[in-house]
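The data block below is query17.cif; it holds mmCIF, C-alpha atoms and all ligand atoms.
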data_work
#
loop_
_atom_site.label_atom_id
_atom_site.label_comp_id
_atom_site.auth_asym_id
_atom_site.auth_seq_id
_atom_site.Cartn_x
_atom_site.Cartn_y
_atom_site.Cartn_z
CA MET A 282 0.00 0.00 0.00
CA ASP A 283 1.49 3.41 -0.87
CA ASN A 284 1.41 6.35 1.54
CA LYS A 285 -1.54 8.03 -0.12
CA GLU A 286 -3.70 4.92 0.02
CA LEU A 287 -2.61 4.19 3.59
CA ILE A 288 -3.69 7.68 4.71
CA LEU A 289 -7.04 7.18 2.97
CA VAL A 290 -7.58 3.79 4.64
CA LEU A 291 -6.56 5.05 8.07
CA ASN A 292 -8.79 8.10 7.72
CA ARG A 293 -11.79 5.85 7.13
CA ASP A 294 -10.89 3.90 10.27
CA LEU A 295 -10.45 7.18 12.14
CA ALA A 296 -13.99 8.20 11.18
CA ASP A 297 -15.35 4.82 12.37
CA GLU A 298 -13.60 5.10 15.73
CA HIS A 299 -14.87 8.66 16.06
CA ALA A 300 -18.42 7.41 15.40
CA ALA A 301 -18.05 4.73 18.10
CA ILE A 302 -16.81 7.31 20.63
CA LEU A 303 -19.86 9.50 20.02
CA ARG A 304 -22.37 6.63 20.11
CA TYR A 305 -21.09 5.12 23.38
CA THR A 306 -20.61 8.52 25.00
CA VAL A 307 -24.13 9.72 24.21
CA HIS A 308 -25.67 6.42 25.29
CA GLY A 309 -23.49 6.40 28.43
CA TYR A 310 -24.62 9.92 29.36
CA GLN A 311 -28.25 8.93 28.77
CA GLU A 312 -27.92 5.97 31.13
CA GLY A 313 -26.01 8.13 33.64
CA GLU A 314 -22.37 7.57 34.52
CA ASP A 315 -23.36 6.41 37.99
CA THR A 316 -25.19 3.36 36.57
CA PRO A 317 -23.33 0.12 35.71
CA THR A 318 -24.48 0.28 32.06
CA GLY A 319 -23.59 3.96 31.72
CA ALA A 320 -20.18 3.48 33.34
CA SER A 321 -19.41 0.55 31.06
CA LEU A 322 -20.40 2.48 27.92
CA LEU A 323 -18.22 5.44 28.93
CA SER A 324 -15.35 3.10 29.59
CA ARG A 325 -15.71 1.69 26.04
CA ALA A 326 -15.87 5.26 24.68
CA ARG A 327 -12.54 6.02 26.38
CA GLU A 328 -10.96 2.96 24.75
CA GLU A 329 -12.29 4.11 21.36
CA MET A 330 -10.54 7.42 22.06
CA TRP A 331 -7.21 5.57 22.28
CA HIS A 332 -8.04 3.80 19.02
CA MET A 333 -8.81 7.08 17.33
CA HIS A 334 -5.70 8.69 18.80
CA TRP A 335 -3.28 6.00 17.58
CA LEU A 336 -4.69 6.29 14.07
CA GLY A 337 -4.57 10.09 14.17
CA MET A 338 -0.94 10.07 15.30
CA ILE A 339 -0.01 7.77 12.41
CA ILE A 340 -1.88 9.92 9.87
CA GLY A 341 -0.17 13.06 11.20
CA LYS A 342 3.23 11.38 11.11
CA LEU A 343 2.66 10.30 7.50
CA GLY A 344 1.98 13.95 6.64
CA GLY A 345 -1.75 13.37 6.07
CA GLU A 346 -4.65 15.61 7.05
CA PRO A 347 -6.82 13.74 9.57
CA ASP A 348 -10.48 13.53 8.60
CA MET A 349 -12.23 14.81 11.71
CA LYS A 350 -15.74 14.07 10.47
CA PRO A 351 -17.26 10.99 12.13
CA ALA A 352 -18.72 8.23 9.97
CA PRO A 353 -22.35 7.27 10.59
CA TYR A 354 -22.82 4.67 13.34
CA PRO A 355 -25.67 2.42 12.23
CA PHE A 356 -27.82 1.21 15.13
CA ASP A 357 -31.39 0.25 15.87
CA PRO A 358 -32.66 2.72 18.51
CA ALA A 359 -35.91 0.80 19.26
CA ASN A 360 -34.80 -0.27 22.75
CA ARG A 361 -31.73 -1.24 24.78
CA SER A 362 -31.75 -4.77 23.48
CA THR A 363 -31.67 -3.70 19.82
CA MET A 364 -29.10 -1.01 20.62
CA PHE A 365 -26.65 -3.41 22.22
CA LYS A 366 -27.22 -5.96 19.45
CA SER A 367 -26.27 -3.24 16.93
CA TYR A 368 -23.13 -2.42 18.94
CA ILE A 369 -22.10 -6.09 18.99
CA ASP A 370 -22.57 -6.29 15.20
CA TYR A 371 -20.55 -3.11 14.70
CA GLU A 372 -17.64 -4.33 16.81
CA LYS A 373 -17.68 -7.82 15.29
CA LYS A 374 -17.45 -6.40 11.76
CA LEU A 375 -14.33 -4.48 12.73
CA ILE A 376 -12.38 -7.61 13.70
CA PRO A 377 -11.84 -9.06 10.19
CA HIS A 378 -11.71 -5.51 8.80
CA TYR A 379 -8.70 -4.49 10.90
CA ARG A 380 -7.01 -7.88 10.52
CA GLU A 381 -7.23 -7.63 6.75
CA GLU A 382 -5.80 -4.12 6.80
CA ALA A 383 -2.96 -5.19 9.10
CA CYS A 384 -1.95 -7.87 6.56
CA ARG A 385 -1.61 -5.22 3.86
CA VAL A 386 0.68 -2.95 5.86
CA GLU A 387 4.44 -3.34 6.17
CA ASP A 388 5.30 -0.87 8.92
CA PRO A 389 5.48 -2.94 12.14
CA HIS A 390 4.01 -0.20 14.39
CA ILE A 391 1.03 0.47 12.12
CA ARG A 392 0.48 -3.26 11.76
CA ARG A 393 0.49 -3.75 15.55
CA VAL A 394 -1.96 -0.87 16.02
CA LEU A 395 -4.37 -2.36 13.48
CA GLU A 396 -4.07 -5.83 15.02
CA ARG A 397 -4.71 -4.38 18.46
CA GLU A 398 -7.78 -2.53 17.20
CA ALA A 399 -9.00 -5.90 15.89
CA TRP A 400 -8.62 -7.77 19.17
CA GLU A 401 -9.86 -4.91 21.28
CA SER A 402 -12.97 -4.74 19.07
CA ALA A 403 -13.50 -8.42 19.91
CA VAL A 404 -13.25 -7.52 23.61
CA HIS A 405 -15.81 -4.74 23.09
CA ALA A 406 -18.24 -7.11 21.39
CA GLY A 407 -17.85 -9.48 24.35
CA LYS A 408 -18.45 -6.73 26.92
CA PHE A 409 -21.57 -5.50 25.12
CA ASN A 410 -22.82 -9.07 24.98
CA LYS A 411 -22.40 -9.35 28.73
CA ILE A 412 -24.49 -6.19 29.24
CA LEU A 413 -27.14 -7.49 26.85
CA LYS A 414 -27.45 -10.73 28.81
CA ARG A 415 -27.57 -8.90 32.14
CA LEU A 416 -30.45 -6.56 31.17
CA THR A 417 -33.72 -7.18 32.98
CA PRO A 418 -36.76 -7.59 30.66
CA ALA A 419 -37.90 -4.07 31.56
CA GLU A 420 -34.47 -2.60 30.80
CA ALA A 421 -34.17 -4.60 27.58
CA SER A 422 -37.46 -3.33 26.21
CA GLY A 423 -36.93 0.23 27.50
CA LYS A 424 -34.94 3.16 26.13
CA PRO A 425 -32.29 5.23 27.91
CA GLY A 426 -32.81 8.93 28.66
CA ALA A 427 -35.18 10.68 31.03
CA GLU A 428 -38.03 12.95 30.06
CA GLN A 429 -37.28 16.60 29.45
CA LYS A 430 -36.92 18.80 32.51
CA LEU A 431 -34.96 21.77 31.17
CA PRO A 432 -36.75 24.53 29.23
CA PRO A 433 -36.30 24.23 25.44
CA GLU A 434 -34.62 27.67 25.07
CA PHE A 435 -32.06 26.73 27.70
CA ILE A 436 -31.41 23.42 25.93
CA SER A 437 -30.80 25.25 22.62
CA ARG A 438 -28.37 27.59 24.37
CA LEU A 439 -26.51 24.61 25.84
CA GLN A 440 -26.49 22.92 22.43
CA GLU A 441 -24.74 25.94 20.89
CA ILE A 442 -22.16 25.83 23.67
CA ILE A 443 -21.65 22.09 23.10
CA LYS A 444 -21.14 22.66 19.37
CA SER A 445 -18.52 25.37 19.92
CA LYS A 446 -16.62 23.40 22.55
CA TYR A 447 -16.78 20.21 20.49
CA THR A 448 -15.34 22.08 17.50
CA GLN A 449 -12.61 23.56 19.70
CA MET A 450 -11.74 20.13 21.12
CA ILE A 451 -11.67 18.42 17.70
CA GLN A 452 -9.57 21.30 16.37
CA SER A 453 -6.96 20.94 19.10
CA ILE A 454 -6.77 17.15 18.67
CA ARG A 455 -6.21 17.71 14.95
CA ASN A 456 -3.50 20.28 15.70
CA ALA A 457 -1.75 17.95 18.17
CA TRP A 458 -1.56 15.21 15.52
CA VAL A 459 -0.58 17.46 12.63
CA PHE A 460 2.08 19.36 14.58
CA GLN A 461 3.48 16.34 16.46
CA LYS A 462 6.95 16.99 14.99
CA ASP A 463 7.26 19.63 17.67
CA ALA A 464 6.76 16.97 20.33
CA LYS A 465 6.49 19.27 23.33
CA MET A 466 4.01 21.61 21.68
CA GLY A 467 2.00 18.68 20.32
CA TRP A 468 1.69 17.25 23.80
CA GLN A 469 0.71 20.61 25.34
CA VAL A 470 -2.01 21.06 22.72
CA MET A 471 -3.26 17.50 23.37
CA ASP A 472 -3.26 18.20 27.09
CA PHE A 473 -5.63 21.12 26.54
CA SER A 474 -7.88 19.02 24.32
CA MET A 475 -8.43 16.76 27.34
CA THR A 476 -9.58 19.70 29.47
CA LYS A 477 -11.91 20.66 26.65
CA MET A 478 -13.32 17.14 26.65
CA LYS A 479 -14.16 17.52 30.33
CA GLN A 480 -15.68 20.98 29.78
CA LEU A 481 -17.78 19.52 26.99
CA ALA A 482 -18.93 16.68 29.24
CA HIS A 483 -20.24 19.09 31.92
CA VAL A 484 -22.77 20.51 29.46
CA ALA A 485 -23.37 17.45 27.24
CA GLU A 486 -24.27 15.23 30.20
CA GLU A 487 -26.91 17.75 31.22
CA VAL A 488 -28.47 17.71 27.74
CA ALA A 489 -28.29 13.92 27.34
CA ALA A 490 -29.86 13.38 30.77
CA ASN A 491 -32.90 15.11 29.25
CA GLY A 492 -33.07 12.41 26.58
CA ILE A 493 -31.68 14.68 23.87
CA ASN A 494 -28.65 14.01 21.68
CA PRO A 495 -25.92 16.56 22.47
CA MET A 496 -24.87 18.53 19.40
CA PHE A 497 -21.55 16.84 18.73
CA LYS A 498 -21.10 18.65 15.41
CA THR A 499 -18.21 20.75 14.23
CA ASP A 500 -18.22 24.21 12.72
CA LYS A 501 -15.63 24.71 10.00
CA LEU A 502 -12.21 23.50 11.11
CA ASP A 503 -9.00 25.43 10.55
CA LEU A 504 -6.73 23.19 8.50
CA SER A 505 -3.78 25.51 8.88
CA ALA A 506 -0.37 24.11 8.02
CA SER A 507 1.37 26.61 10.28
CA LEU A 508 1.64 26.05 14.02
CA ALA A 509 1.77 29.81 14.72
CA GLU A 510 -1.45 30.35 12.77
CA ALA A 511 -3.15 27.41 14.51
CA LEU A 512 -2.19 28.74 17.95
CA LYS A 513 -3.37 32.26 17.11
CA ASN A 514 -6.74 30.86 16.03
CA ALA A 515 -6.92 28.66 19.15
CA ALA A 516 -6.41 31.67 21.43
CA GLU A 517 -9.08 33.67 19.57
CA ASP A 518 -11.53 30.80 19.72
CA LEU A 519 -11.07 30.55 23.48
CA GLN A 520 -12.14 34.19 23.78
CA LYS A 521 -15.32 33.36 21.89
CA THR A 522 -16.26 30.31 23.97
CA ARG A 523 -15.43 32.19 27.17
CA ARG A 524 -17.79 34.99 26.13
CA ASP A 525 -20.52 32.39 25.52
CA HIS A 526 -19.97 30.86 28.95
CA VAL A 527 -19.98 34.24 30.68
CA GLU A 528 -23.25 35.07 28.91
CA LEU A 529 -24.73 31.80 30.12
CA GLN A 530 -23.68 32.67 33.67
CA ALA A 531 -25.51 35.97 33.42
CA GLY A 532 -28.87 34.32 32.60
CA ASN A 533 -31.54 33.33 35.11
CA GLU A 534 -31.99 29.67 34.24
CA ILE A 535 -28.44 28.67 35.18
CA LYS A 536 -29.09 29.86 38.74
CA LYS A 537 -31.49 26.94 39.16
CA HIS A 538 -28.73 24.42 38.35
CA ALA A 539 -26.05 24.79 40.98
CA GLY A 540 -23.86 21.90 39.74
CA LEU A 541 -23.80 23.14 36.17
CA ALA A 542 -23.19 26.74 37.31
CA LEU A 543 -20.15 25.63 39.27
CA ASN A 544 -18.76 23.71 36.30
CA ILE A 545 -19.30 26.67 33.97
CA GLU A 546 -17.41 28.90 36.38
CA LEU A 547 -14.59 26.37 36.40
CA THR A 548 -14.62 26.29 32.59
CA VAL A 549 -14.39 30.09 32.35
CA ASN A 550 -11.33 30.08 34.62
CA GLN A 551 -9.75 27.25 32.66
CA GLU A 552 -10.35 29.07 29.37
CA GLU A 553 -8.64 32.15 30.72
CA TYR A 554 -5.70 30.02 31.84
CA GLU A 555 -5.46 28.27 28.46
CA GLU A 556 -5.56 31.52 26.51
CA ALA A 557 -2.73 32.96 28.62
CA GLU A 558 -0.65 29.81 28.15
CA ILE A 559 -1.20 29.69 24.38
CA LYS A 560 -0.27 33.37 24.05
CA GLU A 561 2.99 32.62 25.81
CA TRP A 562 3.66 29.71 23.41
CA ILE A 563 3.08 32.05 20.47
CA HIS A 564 5.53 34.48 21.99
CA GLY A 565 8.04 31.64 22.38
CA LEU A 566 7.63 30.67 18.72
CA LYS A 567 8.40 34.21 17.63
CA GLY A 568 11.52 34.24 19.78
CA SER A 569 12.87 30.96 18.41
FE FE B 601 -12.24 0.90 18.33
FE FE B 602 -14.75 -0.87 19.85
#

File written out as structure tokens:
Amino acid sequence: MDNKELILVLNRDLADEHAAILRYTVHGYQEGEDTPTGASLLSRAREEMWHMHWLGMIIGKLGGEPDMKPAPYPFDPANRSTMFKSYIDYEKKLIPHYREEACRVEDPHIRRVLEREAWESAVHAGKFNKILKRLTPAEASGKPGAEQKLPPEFISRLQEIIKSKYTQMIQSIRNAWVFQKDAKMGWQVMDFSMTKMKQLAHVAEEVAANGINPMFKTDKLDLSASLAEALKNAAEDLQKTRRDHVELQAGNEIKKHAGLALNIELTVNQEEYEEAEIKEWIHGLKGS
């Protein structure tokens, strides 16, 4: 397989892993992370994040542009039983898929990654099967997600915030992969993407607990080939999301949700910290 084809193949896998992360995260939030089913789904989602990350690092190292758009995740949403059956099918299909790809690749690291994604997909299928068997009849025929408690306008506001933070997070993951040659900077950018993931979770969990799919959609991404440009945009974007969070804090509805209010305050402080750090990195780049 030549480099161009390899990047294409890995980008398709990247999109599949991305889709799995979103599906298990949303379902996990809907169950609640303090339930055994929810905790297990979120644990799978975290493993899919490793899978996506290994592929992204390889694509970046090969000089490719990672495709940050998730593939569709086909599943039957009728009830928990059909959902978990779909997840088992999805994971099972990936086993021969990754094995076949691994056979076509010469690089030993890439081959090992693909083989690992194959056997970890088998583990995932097994874990989902265990959940499926453990479901009570009422759980099996029911759907996750509670009825709506938050006012619709507040939900739409939160959805906009989710979309912006999701875009910011995806953007920084992309930057960490693409600019990995500068190992220290790549790691610092990845470190911030993890904070963003947590900030996203504060709001997305709230929306999902209302039985609504959080808006895990990206605005246009900046595919800049220059690290300085990417950092400048990252700092500007943080100002925008911080403004949105401050606006949310000023509203009345948030005052009724003490936990969320506290997390938004934390996010605002973290955004201020991140912007200051990034500005210093930009300064450092200019000096070098
Ligand atoms: Fe995976
Ligand atoms: Fe998986």

Please identify all polymer residues within 8 Å of Glu298 in chain A, counting all atoms listed in the file, omitting same-chain residues fewer than 3 positions from it, and present them as a list in words.
->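 Contacts, with the query itself left out: Asp294, Leu295, Ala301, Ile302, Glu329, Met330, His332, Met333 and Pro351 of chain A.
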
So which residues are close to (-21.7, 1.2, 21.0), meaning at most 10 Å away in the file's coordinates with only C-alpha atoms counted, and can you show them as number ranges by chain?
-> A: 300-309, 322-323, 325-326, 329, 354-356, 364-372, 405-406, 409

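Remark: for Ala506 in chain A, the closest of the candidate residues A:Val459, A:Ile288, A:Lys560, A:Lys342 is A:Val459 (distances computed over all atoms listed in the file).
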
Shell around Lys479 in chain A at 12 Å using all atoms listed in the file, local window under 6 positions removed, as a list in words =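 Contacts, with the query itself left out: Ile443, Lys446, Tyr447, Met450, Asp472, Phe473, Ala485, Glu486, Asn544, Ile545, Leu547, Thr548 and Gln551 of chain A.
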
Using all atoms listed in the file, which residue out of A:Arg392, A:Glu487, A:Ser437, A:Ser445 lies closest to Arg523 in chain A?
-> A:Ser445

So, counting only C-alpha atoms and all ligand atoms, which residue among A:Lys536, A:Lys408, A:Arg385, A:Lys424 is closest to ligand FE 602 (chain B)?
->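 Closest candidate: A:Lys408.
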
For Ser453 in chain A: contacts at 8 Å, all atoms listed in the file, fewer than 2 positions along chain excluded, given as a PyMOL selection string = chain A and resi 449-451+455-457+470-471+473-474+515

What is the distance, in Å and to one decimal place, between CA of Glu441 in chain A and CA of Ile454 in chain A?
->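 Straight-line distance from CA of Glu441 in chain A to CA of Ile454 in chain A works out to 20.1 Å.
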
How would range 481-510 of chain A look with N, CA and C atoms restored, written as an mmCIF file, in the coordinates of the input?
data_model
loop_
_atom_site.group_PDB
_atom_site.id
_atom_site.type_symbol
_atom_site.label_atom_id
_atom_site.label_comp_id
_atom_site.auth_asym_id
_atom_site.auth_seq_id
_atom_site.Cartn_x
_atom_site.Cartn_y
_atom_site.Cartn_z
ATOM 1 N N LEU A 481 -16.682 19.933 27.868
ATOM 2 C CA LEU A 481 -17.780 19.520 26.990
ATOM 3 C C LEU A 481 -18.720 18.589 27.751
ATOM 4 N N ALA A 482 -18.137 17.671 28.510
ATOM 5 C CA ALA A 482 -18.930 16.680 29.240
ATOM 6 C C ALA A 482 -19.867 17.358 30.249
ATOM 7 N N HIS A 483 -19.387 18.418 30.928
ATOM 8 C CA HIS A 483 -20.240 19.090 31.920
ATOM 9 C C HIS A 483 -21.588 19.469 31.304
ATOM 10 N N VAL A 484 -21.537 20.013 30.085
ATOM 11 C CA VAL A 484 -22.770 20.510 29.460
ATOM 12 C C VAL A 484 -23.501 19.377 28.732
ATOM 13 N N ALA A 485 -22.741 18.512 28.044
ATOM 14 C CA ALA A 485 -23.370 17.450 27.240
ATOM 15 C C ALA A 485 -24.124 16.455 28.119
ATOM 16 N N GLU A 486 -23.589 16.167 29.298
ATOM 17 C CA GLU A 486 -24.270 15.230 30.200
ATOM 18 C C GLU A 486 -25.639 15.769 30.601
ATOM 19 N N GLU A 487 -25.673 17.069 30.823
ATOM 20 C CA GLU A 487 -26.910 17.750 31.220
ATOM 21 C C GLU A 487 -27.975 17.593 30.126
ATOM 22 N N VAL A 488 -27.544 17.796 28.878
ATOM 23 C CA VAL A 488 -28.470 17.710 27.740
ATOM 24 C C VAL A 488 -28.918 16.264 27.530
ATOM 25 N N ALA A 489 -27.963 15.337 27.582
ATOM 26 C CA ALA A 489 -28.290 13.920 27.340
ATOM 27 C C ALA A 489 -29.198 13.366 28.437
ATOM 28 N N ALA A 490 -29.020 13.856 29.666
ATOM 29 C CA ALA A 490 -29.860 13.380 30.770
ATOM 30 C C ALA A 490 -31.321 13.762 30.535
ATOM 31 N N ASN A 491 -31.545 14.721 29.626
ATOM 32 C CA ASN A 491 -32.900 15.110 29.250
ATOM 33 C C ASN A 491 -33.406 14.317 28.042
ATOM 34 N N GLY A 492 -32.663 13.276 27.684
ATOM 35 C CA GLY A 492 -33.070 12.410 26.580
ATOM 36 C C GLY A 492 -32.805 13.006 25.209
ATOM 37 N N ILE A 493 -31.949 14.015 25.159
ATOM 38 C CA ILE A 493 -31.680 14.680 23.870
ATOM 39 C C ILE A 493 -30.229 14.415 23.457
ATOM 40 N N ASN A 494 -30.015 14.222 22.169
ATOM 41 C CA ASN A 494 -28.650 14.010 21.680
ATOM 42 C C ASN A 494 -27.855 15.307 21.744
ATOM 43 N N PRO A 495 -26.735 15.338 22.464
ATOM 44 C CA PRO A 495 -25.920 16.560 22.470
ATOM 45 C C PRO A 495 -25.411 16.870 21.059
ATOM 46 N N MET A 496 -25.260 18.133 20.754
ATOM 47 C CA MET A 496 -24.870 18.530 19.400
ATOM 48 C C MET A 496 -23.360 18.363 19.176
ATOM 49 N N PHE A 497 -22.951 17.118 19.006
ATOM 50 C CA PHE A 497 -21.550 16.840 18.730
ATOM 51 C C PHE A 497 -21.307 17.035 17.233
ATOM 52 N N LYS A 498 -21.311 18.305 16.823
ATOM 53 C CA LYS A 498 -21.100 18.650 15.410
ATOM 54 C C LYS A 498 -20.043 19.733 15.358
ATOM 55 N N THR A 499 -19.242 19.719 14.298
ATOM 56 C CA THR A 499 -18.210 20.750 14.230
ATOM 57 C C THR A 499 -18.608 21.877 13.292
ATOM 58 N N ASP A 500 -18.194 23.098 13.666
ATOM 59 C CA ASP A 500 -18.220 24.210 12.720
ATOM 60 C C ASP A 500 -17.041 23.945 11.781
ATOM 61 N N LYS A 501 -16.744 24.906 10.927
ATOM 62 C CA LYS A 501 -15.630 24.710 10.000
ATOM 63 C C LYS A 501 -14.322 24.613 10.781
ATOM 64 N N LEU A 502 -13.498 23.634 10.433
ATOM 65 C CA LEU A 502 -12.210 23.500 11.110
ATOM 66 C C LEU A 502 -11.131 24.297 10.376
ATOM 67 N N ASP A 503 -10.131 24.705 11.131
ATOM 68 C CA ASP A 503 -9.000 25.430 10.550
ATOM 69 C C ASP A 503 -7.922 24.407 10.212
ATOM 70 N N LEU A 504 -7.687 24.206 8.921
ATOM 71 C CA LEU A 504 -6.730 23.190 8.500
ATOM 72 C C LEU A 504 -5.363 23.817 8.219
ATOM 73 N N SER A 505 -5.017 24.766 9.051
ATOM 74 C CA SER A 505 -3.780 25.510 8.880
ATOM 75 C C SER A 505 -2.564 24.596 8.911
ATOM 76 N N ALA A 506 -1.600 24.910 8.048
ATOM 77 C CA ALA A 506 -0.370 24.110 8.020
ATOM 78 C C ALA A 506 0.709 24.775 8.867
ATOM 79 N N SER A 507 0.372 25.923 9.464
ATOM 80 C CA SER A 507 1.370 26.610 10.280
ATOM 81 C C SER A 507 0.967 26.564 11.749
ATOM 82 N N LEU A 508 1.906 26.162 12.589
ATOM 83 C CA LEU A 508 1.640 26.050 14.020
ATOM 84 C C LEU A 508 1.285 27.419 14.605
ATOM 85 N N ALA A 509 2.020 28.460 14.189
ATOM 86 C CA ALA A 509 1.770 29.810 14.720
ATOM 87 C C ALA A 509 0.345 30.248 14.424
ATOM 88 N N GLU A 510 -0.091 29.975 13.195
ATOM 89 C CA GLU A 510 -1.450 30.350 12.770
ATOM 90 C C GLU A 510 -2.486 29.562 13.596
#
